[in-house]
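Presented below is the structure to which this report refers.
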Protein chains: 4
Amino acid sequence: MAKSKSRKQAAAEPAWRGIIPPLVTPLAGRDELDVPGLGRLLDHVLAGGVRGLFVLGSTGEAPSLSYRLRRELVERVCDRVAGRVPVLVGITDTSFVESVNLTEHSKKAGAAAAVLAPPFYFPAGQPELLEYIHHLAPELPLPLFLYNMPSYTKLFFEPDTVRAAAELPNVVGLKDSSGNMGYFHRLQALFADRPDFALLVGPEELLVESVLSGGHGGVCGGANLCPELYVEAYEAARAGDLPRARELHRRIMAIAGSVYAVGRHGSSYLKGLKCALSLKGICSDFMAEPFHHFREPERERVRAALAKLGIL
Amino acid sequence: MAKSKSRKQAAAEPAWRGIIPPLVTPLAGRDELDVPGLGRLLDHVLAGGVRGLFVLGSTGEAPSLSYRLRRELVERVCDRVAGRVPVLVGITDTSFVESVNLTEHSKKAGAAAAVLAPPFYFPAGQPELLEYIHHLAPELPLPLFLYNMPSYTKLFFEPDTVRAAAELPNVVGLKDSSGNMGYFHRLQALFADRPDFALLVGPEELLVESVLSGGHGGVCGGANLCPELYVEAYEAARAGDLPRARELHRRIMAIAGSVYAVGRHGSSYLKGLKCALSLKGICSDFMAEPFHHFREPERERVRAALAKLGIL
Amino acid sequence: MAKSKSRKQAAAEPAWRGIIPPLVTPLAGRDELDVPGLGRLLDHVLAGGVRGLFVLGSTGEAPSLSYRLRRELVERVCDRVAGRVPVLVGITDTSFVESVNLTEHSKKAGAAAAVLAPPFYFPAGQPELLEYIHHLAPELPLPLFLYNMPSYTKLFFEPDTVRAAAELPNVVGLKDSSGNMGYFHRLQALFADRPDFALLVGPEELLVESVLSGGHGGVCGGANLCPELYVEAYEAARAGDLPRARELHRRIMAIAGSVYAVGRHGSSYLKGLKCALSLKGICSDFMAEPFHHFREPERERVRAALAKLGIL
Amino acid sequence: MAKSKSRKQAAAEPAWRGIIPPLVTPLAGRDELDVPGLGRLLDHVLAGGVRGLFVLGSTGEAPSLSYRLRRELVERVCDRVAGRVPVLVGITDTSFVESVNLTEHSKKAGAAAAVLAPPFYFPAGQPELLEYIHHLAPELPLPLFLYNMPSYTKLFFEPDTVRAAAELPNVVGLKDSSGNMGYFHRLQALFADRPDFALLVGPEELLVESVLSGGHGGVCGGANLCPELYVEAYEAARAGDLPRARELHRRIMAIAGSVYAVGRHGSSYLKGLKCALSLKGICSDFMAEPFHHFREPERERVRAALAKLGIL
């Protein structure tokens, strides 16, 4: 009975809620997946209760991978996940045609949605960006998430652009990685009448507050490492359990302030996360160029941080 | 006799001098070359006396094209040029593996060099950028030009990085599109003992002064339209003919101030250039997403500008 | 009895908590205060239950005012407030000597603290900024707040710089107007052992979440207009009353999304706020150059927004 | 006869031509001029053949000085120069009223012109900037130069804004410190019919090329140290003597590449220049906060650079 009720609730609840980790891409070499590592990573993350998986995002080093490897990754992930949770695939590309190609491949592989940041070489204006979405979305055989990532793409999805794009039938939500909660709140106000349009937050430091304010979930990199922590933080915030949410927020900040803070800025988050996964025995820390895994001194600092946090 | 002398001169002079237009990519559709237009464009440009061709640069909309079309373009250009001038191919990519793949393809097609801007999604630090060049250059079967394009890549090739990269045997020059002549002069000072290392300038507004100061040439977009103007400006500056160089500089500024100044900033240069080529009957003005060709009102303004300049 | 208890509580609670509005500077002309308007504004704001007043901040157009007028404003405000709440004075200046001069003047006038953003002409490095604070703070006869305002000063107070500066005996807190809650949370983690160090947030869109996460209050421009709204939002968040906090947050967002969203970006917040105060009959909307008050069409839009919000 | 003709020519030649050094402000302490050093500096610079002096610019650390000291400096410089060359005074300020005040003071002291960069705290739009100039210029009792310095002010003087501002009767020229020669050439094209409007360049690395292209002179910091070098470079470029201009350009680059390249970026130019002046025995190297003079290790590097350059 309980089961059937829970199933009903799930049906009633809009899709795209909760923690959807941006999956790290385990690599065995420059153009080779760490297949066993990928399997372990998927098992680990799914066991943590996540509600979806986002592959080929920034955390997945997508732009640094060959197209061949991207396709292989989508296939292997969809295969292993086998429908247990929806798989979202990053299709961000400077080339319109390649975005379409990858979406078609992903659809065939069994993916549930595509995720798109603006084309990131030429700096387009907002009307050009909106026209681009208007041309692209209808070509895609999957629901589409927009992905606001201005520090990497040089271009904001302005609120009016998002609202206009959301009129397209397969545009179903937005992931905001700007780190700008004022922007996120403006979107929330703009979509107050559209609870079906999912508003997810990228930076895990903002997960709790975004959910407290009515946000729908988080695409948190740390959920590769400790999926249950982010899932619990989401649930606590959603339930309005402030003391619990604050305590979990403090743990999330402790990870960000140590595991991601080793080494040079910019790449330190990615290097720290892959290093931690390697130290936990989950997958290789090989990184795609232009980055490289931490050497022993930095690795030692990540190990100490994990030990102190009780993660190792 | 004359031929043999000319061959000797060519041998004595360092390579990579003069005007090397960044070729516009004539398109018939989203994933289709305008093949007749490409032929006419090549004939037009070669007739103007250029010393090389640079395909798949920013002006060539390379990041917006599918990989299939990029390979086709390289093949067709090399085929048609048939060794009359060296063909340089832009291999800038966020993916190391794709840069290698395209270089190998280009080598087979008959290209003479590769041109590389920094990977442009993740903001890398200078040591990471240098390490990347150190790993990539040896994998490439062609001489390599660096391409400084900070407004699009978010990353400068700092002078010390360039100097260190230039120690690699196949790194042969740099094209600077920063628009910052102070930077260009710092490079010139740093390479005063390396006349073999080619220093070319991107923005055509800076062609004359860069050559007057000892620069080796220009990768000028306008040379798609009026190749002989840029070739003459280069020759005048190189010969120290100041009155002539100034007059030609004024004509170059007049093009920049009219043909490239219609419509919205950012894309107006590219749109204006393709529109002008179409008005001259050379090739289609179809553009790759996220851009689109000028509609009639803007087209009319470009037409008027060309008429006033005596180009039409 | 009740009075004495309340006094004790106040003594037990660390200082600098709650809503401290950044006071608008009512102007009658380019170098003339709107003295009656200032009186009405102070009465209005104090009646709303604010816990302090911040004069000569960005909202107060401080950098645009003459030094004579700045001194007059400090005197008049301290005089009228007469110790009811502490008055904080913005002393941000590109000139060290002028910052000292204004602080000495403010101390004599009865101000309670000084507020300092980095000197904003030359872009200093963090070590230079810290050395500057180390030299300046001991010269100041008042407690000092740091003011993080990178969009105007081009310079972040990096967390390590703040932590080091906080070792100085009169550095008592920081106001963050970066809009970057990840930064704010890093500061909170860094000062977890220093509850005496006040962490206030600038952008009112972030008031509720910053207080929910343990922040100490807000320097909210909108509190010039509706002080009680921000005071209630602060109290609700502090008490953990989520439904009430959310409702008040929505009202705050509605002001930001209408009153501050008329006219050109950048100055639209300031122009909208002064226009609204003028429409409410509180003070003049004259602005210091380089800005100017809204003309009738924009004024009409602000009037309509206020009417819809029930503020007029 | 020759004399009278030359006088006529001088009369015929528009004003504001040649090298106008941005004078370093010699300081004996935080709020104290190094008066003997100032005298020696003025004698040194005037002996080098400069055509004017610009005090209270960025190189003069103007924004870091107290207003009292700024006024004293203007008085002392005008007094000592005694009309031998025109004195231009930087009046850039975030406060309109203070800009007017300082201009009036400068006029009384005998200054010849005022120099104005945009107000640099609030980021104004171009229409706001133009309106500001339209209000300010008529209040000023001196001819006015615009000063384009976007890296410090966050705001470009867009070409159309400059052209509109130049319609005001006392707006007589522009100094461009953007380092962007494309911008400078656009201004030159826009003012082709206004040879009376002076276009001067800031960065000394660009002096030669700007004059070769028709620019009117340079506001070169290095002219504090070696005035005759910059005067000769200007004369050579103006006369079209390319070999000589190139040689002098190389010497200018050698100074920039060594004396200004010690220590941290940003402040290294100013610190190196003041250090060099101190090593030559001209004036103190005391700097206004937030900067500080070089300590012995950096000082030693500057000494070595000067020795190698033959300046010491």
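Here, A, B, ... name the chains of the structure tokens in the order displayed, residue numbers run from 1 inside each chain, and ligands are numbered from 1 in the same displayed order.
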
Pick out the residues sitting within 8 Å of Phe96 (chain C), and hand them over as number ranges by chain; count only C-alpha atoms, and ignore anything fewer than 3 positions along from it in its own chain. C: 93, 99-100, 136; D: 64-66, 288-290

Could you write out the selected residues, including C-alpha atoms, as a short mmCIF file (atom, residue, chain, number, x, y, z; two decimals), in the first residue's frame?
```cif
data_model
loop_
_atom_site.label_atom_id
_atom_site.label_comp_id
_atom_site.auth_asym_id
_atom_site.auth_seq_id
_atom_site.Cartn_x
_atom_site.Cartn_y
_atom_site.Cartn_z
CA ASP C 93 37.91 56.92 -0.93
CA SER C 99 39.24 58.55 4.42
CA VAL C 100 40.97 59.50 7.67
CA LEU C 136 44.44 52.68 7.69
CA SER D 64 45.30 58.76 -4.08
CA LEU D 65 46.21 62.32 -2.97
CA SER D 66 44.30 64.58 -0.61
CA ALA D 288 50.61 57.29 -1.94
CA GLU D 289 48.55 54.42 -0.53
CA PRO D 290 47.49 51.84 -1.56
#
```

Using only C-alpha atoms, which chain A residues lie at most 8 Å away from chain C, written as JSON, numbers by chain? {"A": [179, 180, 181, 182, 185, 186, 189, 203, 205, 206, 209, 213, 240, 242, 246, 250, 253, 254, 257]}

Identify, with DSSP run on backbone atoms, the residues in region 36-94 of chain C assigned to strand (DSSP E or B), and express the list as a ChimeraX atom specification. /C:53-55,87-90

Keeping only C-alpha atoms, write the selected residues to a file as a PDB file, in the first residue's frame.
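Saved result, selection-v2.pdb, follows:
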```pdb
ATOM      1  CA  LEU C  53      21.755  53.643   9.524  1.00  0.00           C
ATOM      2  CA  PHE C  54      24.471  53.554   6.895  1.00  0.00           C
ATOM      3  CA  VAL C  55      25.049  56.939   5.274  1.00  0.00           C
ATOM      4  CA  VAL C  87      25.077  55.730  12.458  1.00  0.00           C
ATOM      5  CA  LEU C  88      27.640  54.113  10.151  1.00  0.00           C
ATOM      6  CA  VAL C  89      29.471  56.354   7.698  1.00  0.00           C
ATOM      7  CA  GLY C  90      30.936  55.302   4.366  1.00  0.00           C
TER       8      GLY C  90
END
```

Residue neighbourhood region 31-47 of chain A, 8 Å, only C-alpha atoms, exclusion window fewer than 6 positions, as an NGL selection string: (:A and (25 or 65-66 or 69 or 73 or 77 or 80-81 or 223-227 or 282-284)) or (:B and (97))

Could you save those same residues with all heavy atoms as a compact mmCIF listing (two decimals), in the first residue's frame?
```
# COMPACT_ATOMS: atom_id res chain seq x y z
N THR A 25 33.62 12.14 -15.64
CA THR A 25 33.91 11.15 -16.68
C THR A 25 35.20 10.39 -16.31
O THR A 25 36.29 10.94 -16.44
CB THR A 25 34.10 11.82 -18.05
OG1 THR A 25 32.92 12.55 -18.37
CG2 THR A 25 34.38 10.81 -19.13
N LEU A 65 36.58 16.26 -24.32
CA LEU A 65 36.57 14.87 -24.79
C LEU A 65 36.34 14.81 -26.30
O LEU A 65 35.69 15.67 -26.88
CB LEU A 65 35.44 14.11 -24.10
CG LEU A 65 35.45 14.17 -22.56
CD1 LEU A 65 34.19 13.51 -22.01
CD2 LEU A 65 36.71 13.53 -21.98
N SER A 66 36.85 13.73 -26.91
CA SER A 66 36.56 13.53 -28.33
C SER A 66 35.08 13.17 -28.50
O SER A 66 34.44 12.68 -27.56
CB SER A 66 37.43 12.41 -28.89
OG SER A 66 36.91 11.15 -28.51
N LEU A 69 34.43 9.48 -27.86
CA LEU A 69 34.33 9.10 -26.46
C LEU A 69 33.02 9.60 -25.85
O LEU A 69 32.42 8.92 -25.01
CB LEU A 69 35.53 9.64 -25.69
CG LEU A 69 35.72 9.08 -24.29
CD1 LEU A 69 37.20 8.91 -23.96
CD2 LEU A 69 35.05 9.92 -23.24
N LEU A 73 30.43 7.16 -23.98
CA LEU A 73 30.03 7.40 -22.60
C LEU A 73 28.51 7.38 -22.46
O LEU A 73 27.96 6.75 -21.54
CB LEU A 73 30.58 8.75 -22.11
CG LEU A 73 30.14 9.13 -20.69
CD1 LEU A 73 30.91 8.31 -19.66
CD2 LEU A 73 30.32 10.61 -20.44
N VAL A 77 26.59 4.68 -20.11
CA VAL A 77 25.83 5.12 -18.94
C VAL A 77 24.37 4.70 -19.07
O VAL A 77 23.79 4.13 -18.14
CB VAL A 77 25.96 6.66 -18.76
CG1 VAL A 77 24.94 7.16 -17.74
CG2 VAL A 77 27.38 7.02 -18.34
N ARG A 80 24.01 0.95 -18.43
CA ARG A 80 24.17 0.52 -17.04
C ARG A 80 23.03 1.03 -16.15
O ARG A 80 22.60 0.33 -15.25
CB ARG A 80 25.51 1.07 -16.52
CG ARG A 80 25.79 0.73 -15.07
CD ARG A 80 26.98 -0.19 -14.98
NE ARG A 80 27.27 -0.67 -13.67
CZ ARG A 80 28.30 -1.48 -13.42
NH1 ARG A 80 29.10 -1.85 -14.42
NH2 ARG A 80 28.52 -1.91 -12.21
N VAL A 81 22.60 2.26 -16.41
CA VAL A 81 21.53 2.83 -15.58
C VAL A 81 20.21 2.11 -15.86
O VAL A 81 19.40 1.88 -14.95
CB VAL A 81 21.39 4.35 -15.84
CG1 VAL A 81 20.13 4.91 -15.20
CG2 VAL A 81 22.63 5.07 -15.30
N ALA A 223 28.03 15.34 -5.36
CA ALA A 223 27.20 14.15 -5.28
C ALA A 223 27.82 12.96 -6.01
O ALA A 223 27.34 11.84 -5.90
CB ALA A 223 25.80 14.43 -5.83
N ASN A 224 28.89 13.18 -6.75
CA ASN A 224 29.68 12.06 -7.25
C ASN A 224 30.35 11.34 -6.09
O ASN A 224 30.52 10.13 -6.10
CB ASN A 224 30.79 12.54 -8.19
CG ASN A 224 30.29 12.93 -9.56
OD1 ASN A 224 30.12 12.09 -10.42
ND2 ASN A 224 30.06 14.24 -9.77
N LEU A 225 30.75 12.13 -5.09
CA LEU A 225 31.56 11.62 -3.97
C LEU A 225 30.67 11.16 -2.83
O LEU A 225 30.86 10.06 -2.30
CB LEU A 225 32.47 12.77 -3.50
CG LEU A 225 33.57 12.48 -2.50
CD1 LEU A 225 34.57 11.51 -3.09
CD2 LEU A 225 34.24 13.78 -2.08
N CYS A 226 29.71 11.98 -2.42
CA CYS A 226 28.84 11.68 -1.27
C CYS A 226 27.40 11.92 -1.67
O CYS A 226 26.76 12.86 -1.19
CB CYS A 226 29.14 12.62 -0.09
SG CYS A 226 30.86 12.82 0.30
N PRO A 227 26.85 11.09 -2.54
CA PRO A 227 25.51 11.39 -3.05
C PRO A 227 24.48 11.56 -1.93
O PRO A 227 23.64 12.45 -2.00
CB PRO A 227 25.19 10.19 -3.95
CG PRO A 227 26.20 9.15 -3.62
CD PRO A 227 27.40 9.84 -3.10
N ILE A 282 37.06 4.66 -6.28
CA ILE A 282 35.91 4.56 -7.18
C ILE A 282 36.33 4.58 -8.65
O ILE A 282 35.94 3.72 -9.43
CB ILE A 282 34.89 5.68 -6.87
CG1 ILE A 282 34.30 5.44 -5.48
CG2 ILE A 282 33.81 5.75 -7.93
CD1 ILE A 282 33.37 6.52 -4.98
N CYS A 283 37.14 5.57 -9.01
CA CYS A 283 37.57 5.60 -10.42
C CYS A 283 38.90 6.33 -10.55
O CYS A 283 39.40 6.93 -9.59
CB CYS A 283 36.50 6.25 -11.31
SG CYS A 283 36.19 7.99 -10.92
N SER A 284 39.44 6.29 -11.74
CA SER A 284 40.73 6.93 -12.04
C SER A 284 40.61 8.45 -11.95
O SER A 284 39.54 9.01 -12.15
CB SER A 284 41.14 6.54 -13.46
OG SER A 284 42.04 7.49 -14.00
N VAL B 97 42.08 15.71 -28.52
CA VAL B 97 42.04 14.62 -29.51
C VAL B 97 41.50 15.12 -30.84
O VAL B 97 42.01 14.74 -31.91
CB VAL B 97 41.18 13.45 -28.96
CG1 VAL B 97 40.96 12.38 -30.02
CG2 VAL B 97 41.85 12.86 -27.72
```

May I ask for the distance between CA of Arg76 (chain C) and CA of His216 (chain C), given in Å to one decimal place? 27.6 Å

Once DSSP has gone over the backbone, tell me which residues of region 163-223 of chain A are in alpha helix (DSSP H), as a CSV table (one decimal) with all heavy atoms, in the first residue's frame.
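Below is the file states-v1.csv, written as the result:
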```
chain,number,residue,atom,x,y,z
A,163,ARG,N,12.4,33.0,-20.4
A,163,ARG,CA,10.9,33.0,-20.4
A,163,ARG,C,10.4,32.8,-21.9
A,163,ARG,O,9.5,32.0,-22.1
A,163,ARG,CB,10.4,34.3,-19.9
A,163,ARG,CG,8.9,34.4,-19.8
A,163,ARG,CD,8.3,33.5,-18.7
A,163,ARG,NE,7.1,32.9,-19.1
A,163,ARG,CZ,6.1,32.5,-18.2
A,163,ARG,NH1,6.2,32.7,-16.9
A,163,ARG,NH2,5.0,32.0,-18.7
A,164,ALA,N,11.0,33.4,-22.8
A,164,ALA,CA,10.6,33.3,-24.2
A,164,ALA,C,10.9,31.9,-24.7
A,164,ALA,O,10.1,31.2,-25.4
A,164,ALA,CB,11.3,34.3,-25.1
A,165,ALA,N,12.1,31.4,-24.4
A,165,ALA,CA,12.5,30.0,-24.8
A,165,ALA,C,11.6,29.0,-24.2
A,165,ALA,O,11.3,27.9,-24.8
A,165,ALA,CB,14.0,29.7,-24.4
A,181,MET,N,22.4,34.2,-6.9
A,181,MET,CA,21.1,33.9,-6.5
A,181,MET,C,20.1,35.0,-6.8
A,181,MET,O,18.9,34.7,-6.9
A,181,MET,CB,21.1,33.6,-5.0
A,181,MET,CG,21.7,32.2,-4.6
A,181,MET,SD,20.9,30.8,-5.4
A,181,MET,CE,19.3,30.9,-4.7
A,182,GLY,N,20.5,36.2,-7.0
A,182,GLY,CA,19.6,37.2,-7.4
A,182,GLY,C,19.0,36.9,-8.7
A,182,GLY,O,17.8,37.0,-8.9
A,183,TYR,N,19.8,36.4,-9.6
A,183,TYR,CA,19.3,35.9,-10.9
A,183,TYR,C,18.4,34.8,-10.8
A,183,TYR,O,17.3,34.7,-11.4
A,183,TYR,CB,20.6,35.5,-11.8
A,183,TYR,CG,20.3,34.8,-13.0
A,183,TYR,CD1,19.9,35.4,-14.2
A,183,TYR,CD2,20.4,33.4,-13.1
A,183,TYR,CE1,19.7,34.7,-15.4
A,183,TYR,CE2,20.1,32.7,-14.2
A,183,TYR,CZ,19.7,33.3,-15.4
A,183,TYR,OH,19.5,32.6,-16.5
A,184,PHE,N,18.7,33.8,-9.9
A,184,PHE,CA,17.9,32.7,-9.7
A,184,PHE,C,16.5,33.1,-9.2
A,184,PHE,O,15.5,32.6,-9.6
A,184,PHE,CB,18.6,31.7,-8.7
A,184,PHE,CG,18.0,30.3,-8.7
A,184,PHE,CD1,18.2,29.4,-9.6
A,184,PHE,CD2,17.1,30.0,-7.6
A,184,PHE,CE1,17.7,28.1,-9.6
A,184,PHE,CE2,16.6,28.7,-7.5
A,184,PHE,CZ,16.8,27.8,-8.5
A,185,HIS,N,16.5,34.0,-8.2
A,185,HIS,CA,15.2,34.5,-7.7
A,185,HIS,C,14.4,35.2,-8.7
A,185,HIS,O,13.2,35.1,-8.7
A,185,HIS,CB,15.5,35.4,-6.5
A,185,HIS,CG,16.1,34.7,-5.3
A,185,HIS,ND1,15.7,33.4,-5.0
A,185,HIS,CD2,17.0,35.0,-4.4
A,185,HIS,CE1,16.4,33.0,-3.9
A,185,HIS,NE2,17.2,34.0,-3.6
A,186,ARG,N,15.1,36.0,-9.6
A,186,ARG,CA,14.3,36.6,-10.7
A,186,ARG,C,13.6,35.6,-11.6
A,186,ARG,O,12.5,35.7,-12.0
A,186,ARG,CB,15.3,37.5,-11.5
A,186,ARG,CG,15.5,38.9,-10.9
A,186,ARG,CD,16.1,39.9,-11.8
A,186,ARG,NE,17.5,39.6,-12.1
A,186,ARG,CZ,18.5,39.8,-11.3
A,186,ARG,NH1,18.4,40.3,-10.1
A,186,ARG,NH2,19.8,39.4,-11.6
A,187,LEU,N,14.4,34.5,-11.9
A,187,LEU,CA,13.7,33.4,-12.7
A,187,LEU,C,12.6,32.8,-11.9
A,187,LEU,O,11.5,32.6,-12.5
A,187,LEU,CB,14.8,32.3,-13.0
A,187,LEU,CG,15.8,32.7,-14.0
A,187,LEU,CD1,16.7,31.5,-14.3
A,187,LEU,CD2,15.1,33.0,-15.4
A,188,GLN,N,12.7,32.6,-10.6
A,188,GLN,CA,11.7,32.0,-9.8
A,188,GLN,C,10.4,32.9,-9.9
A,188,GLN,O,9.3,32.4,-10.0
A,188,GLN,CB,12.1,31.8,-8.4
A,188,GLN,CG,13.1,30.7,-8.2
A,188,GLN,CD,13.5,30.6,-6.7
A,188,GLN,OE1,14.0,31.5,-6.1
A,188,GLN,NE2,13.3,29.4,-6.2
A,189,ALA,N,10.6,34.2,-9.8
A,189,ALA,CA,9.5,35.1,-9.8
A,189,ALA,C,8.8,35.1,-11.2
A,189,ALA,O,7.6,35.0,-11.4
A,189,ALA,CB,10.0,36.6,-9.5
A,190,LEU,N,9.7,35.0,-12.2
A,190,LEU,CA,9.2,35.0,-13.6
A,190,LEU,C,8.4,33.7,-13.9
A,190,LEU,O,7.6,33.7,-14.8
A,190,LEU,CB,10.4,35.1,-14.6
A,190,LEU,CG,10.3,35.9,-15.8
A,190,LEU,CD1,9.7,37.3,-15.5
A,190,LEU,CD2,11.6,36.0,-16.5
A,207,LEU,N,22.8,25.0,-2.8
A,207,LEU,CA,21.7,24.0,-2.9
A,207,LEU,C,20.6,24.3,-1.9
A,207,LEU,O,19.5,24.4,-2.2
A,207,LEU,CB,22.3,22.6,-2.7
A,207,LEU,CG,21.3,21.5,-2.5
A,207,LEU,CD1,20.4,21.4,-3.8
A,207,LEU,CD2,21.9,20.2,-2.1
A,208,VAL,N,21.0,24.4,-0.6
A,208,VAL,CA,20.1,24.5,0.5
A,208,VAL,C,19.2,25.7,0.3
A,208,VAL,O,18.0,25.7,0.4
A,208,VAL,CB,20.8,24.4,1.9
A,208,VAL,CG1,19.8,25.0,3.0
A,208,VAL,CG2,21.2,23.0,2.2
A,209,GLU,N,19.9,26.9,0.1
A,209,GLU,CA,19.0,28.1,0.0
A,209,GLU,C,18.1,28.1,-1.2
A,209,GLU,O,17.0,28.7,-1.1
A,209,GLU,CB,19.9,29.4,0.1
A,209,GLU,CG,20.8,29.6,-1.0
A,209,GLU,CD,22.1,30.4,-0.6
A,209,GLU,OE1,23.0,29.7,-0.1
A,209,GLU,OE2,22.1,31.6,-0.7
A,210,SER,N,18.6,27.5,-2.3
A,210,SER,CA,17.8,27.6,-3.5
A,210,SER,C,16.5,26.7,-3.3
A,210,SER,O,15.4,27.1,-3.7
A,210,SER,CB,18.5,27.1,-4.7
A,210,SER,OG,18.8,25.7,-4.7
A,211,VAL,N,16.7,25.6,-2.6
A,211,VAL,CA,15.5,24.7,-2.3
A,211,VAL,C,14.6,25.3,-1.3
A,211,VAL,O,13.4,25.3,-1.4
A,211,VAL,CB,16.0,23.3,-1.9
A,211,VAL,CG1,14.8,22.4,-1.5
A,211,VAL,CG2,16.8,22.6,-3.1
A,212,LEU,N,15.2,26.0,-0.2
A,212,LEU,CA,14.4,26.7,0.8
A,212,LEU,C,13.5,27.7,0.1
A,212,LEU,O,12.4,28.0,0.5
A,212,LEU,CB,15.3,27.3,1.8
A,212,LEU,CG,15.9,26.4,2.9
A,212,LEU,CD1,16.8,27.2,3.8
A,212,LEU,CD2,14.8,25.7,3.7
```

For CA of Ala198 (chain A) and CA of Lys108 (chain A), quote the distance in Å rounded to one decimal.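 Those two atoms sit 24.1 Å apart.
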
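Taking CA of Arg71 (chain C) and CA of Thr153 (chain C) as the two end points, the separation is 22.5 Å.
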
Region 264-272 of chain A environment, 10 Å, only C-alpha atoms, sequence neighbours closer than 6 positions dropped, as a PyMOL selection string: (chain A and resi 24+58-61+221-222+255-258+278+285-287+290-294+298-299+301-303) or (chain B and resi 122-125+128)

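Close contacts of Val171 (chain D), defined as residues with an atom at most 8 Å away when counting only C-alpha atoms, with chain neighbours fewer than 5 positions off set aside, comprise Ala137, Pro143, Leu144, Phe145, Leu146, Ala165 and Ala166 of chain D.
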
Residues at most 10 Å from Tyr152 (chain B), counting only C-alpha atoms, excluding those fewer than 2 positions away in the same chain, as a ChimeraX atom specification? /A:120-123,153-154 /B:58,117-118,120-121,148-150,154-155,177-178

Write out as a short mmCIF file (atom, residue, chain, number, x, y, z; two decimals) with N, CA, C and O atoms, in the first residue's frame which residues come within 9 Å of Gly49 (chain D) when counting only C-alpha atoms, dropping same-chain ones fewer than 6 positions away.
```
data_model
loop_
_atom_site.label_atom_id
_atom_site.label_comp_id
_atom_site.auth_asym_id
_atom_site.auth_seq_id
_atom_site.Cartn_x
_atom_site.Cartn_y
_atom_site.Cartn_z
N ILE D 19 55.17 65.96 -26.97
CA ILE D 19 55.24 65.17 -25.73
C ILE D 19 54.80 66.03 -24.55
O ILE D 19 55.35 67.10 -24.31
N PRO D 227 63.08 62.61 -20.81
CA PRO D 227 62.18 63.39 -21.69
C PRO D 227 62.68 63.48 -23.12
O PRO D 227 61.89 63.39 -24.06
N GLU D 228 63.98 63.63 -23.30
CA GLU D 228 64.50 63.83 -24.65
C GLU D 228 64.27 62.60 -25.54
O GLU D 228 64.06 62.74 -26.75
N VAL D 231 60.74 62.93 -26.80
CA VAL D 231 60.67 64.08 -27.70
C VAL D 231 61.29 63.73 -29.05
O VAL D 231 60.72 64.01 -30.11
#
```

A:Arg84, A:Arg17, A:Leu129, A:Gly263: which is nearest Glu235 (chain A), counting only C-alpha atoms?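 The answer is A:Arg17, which sits nearest to Glu235 (chain A).
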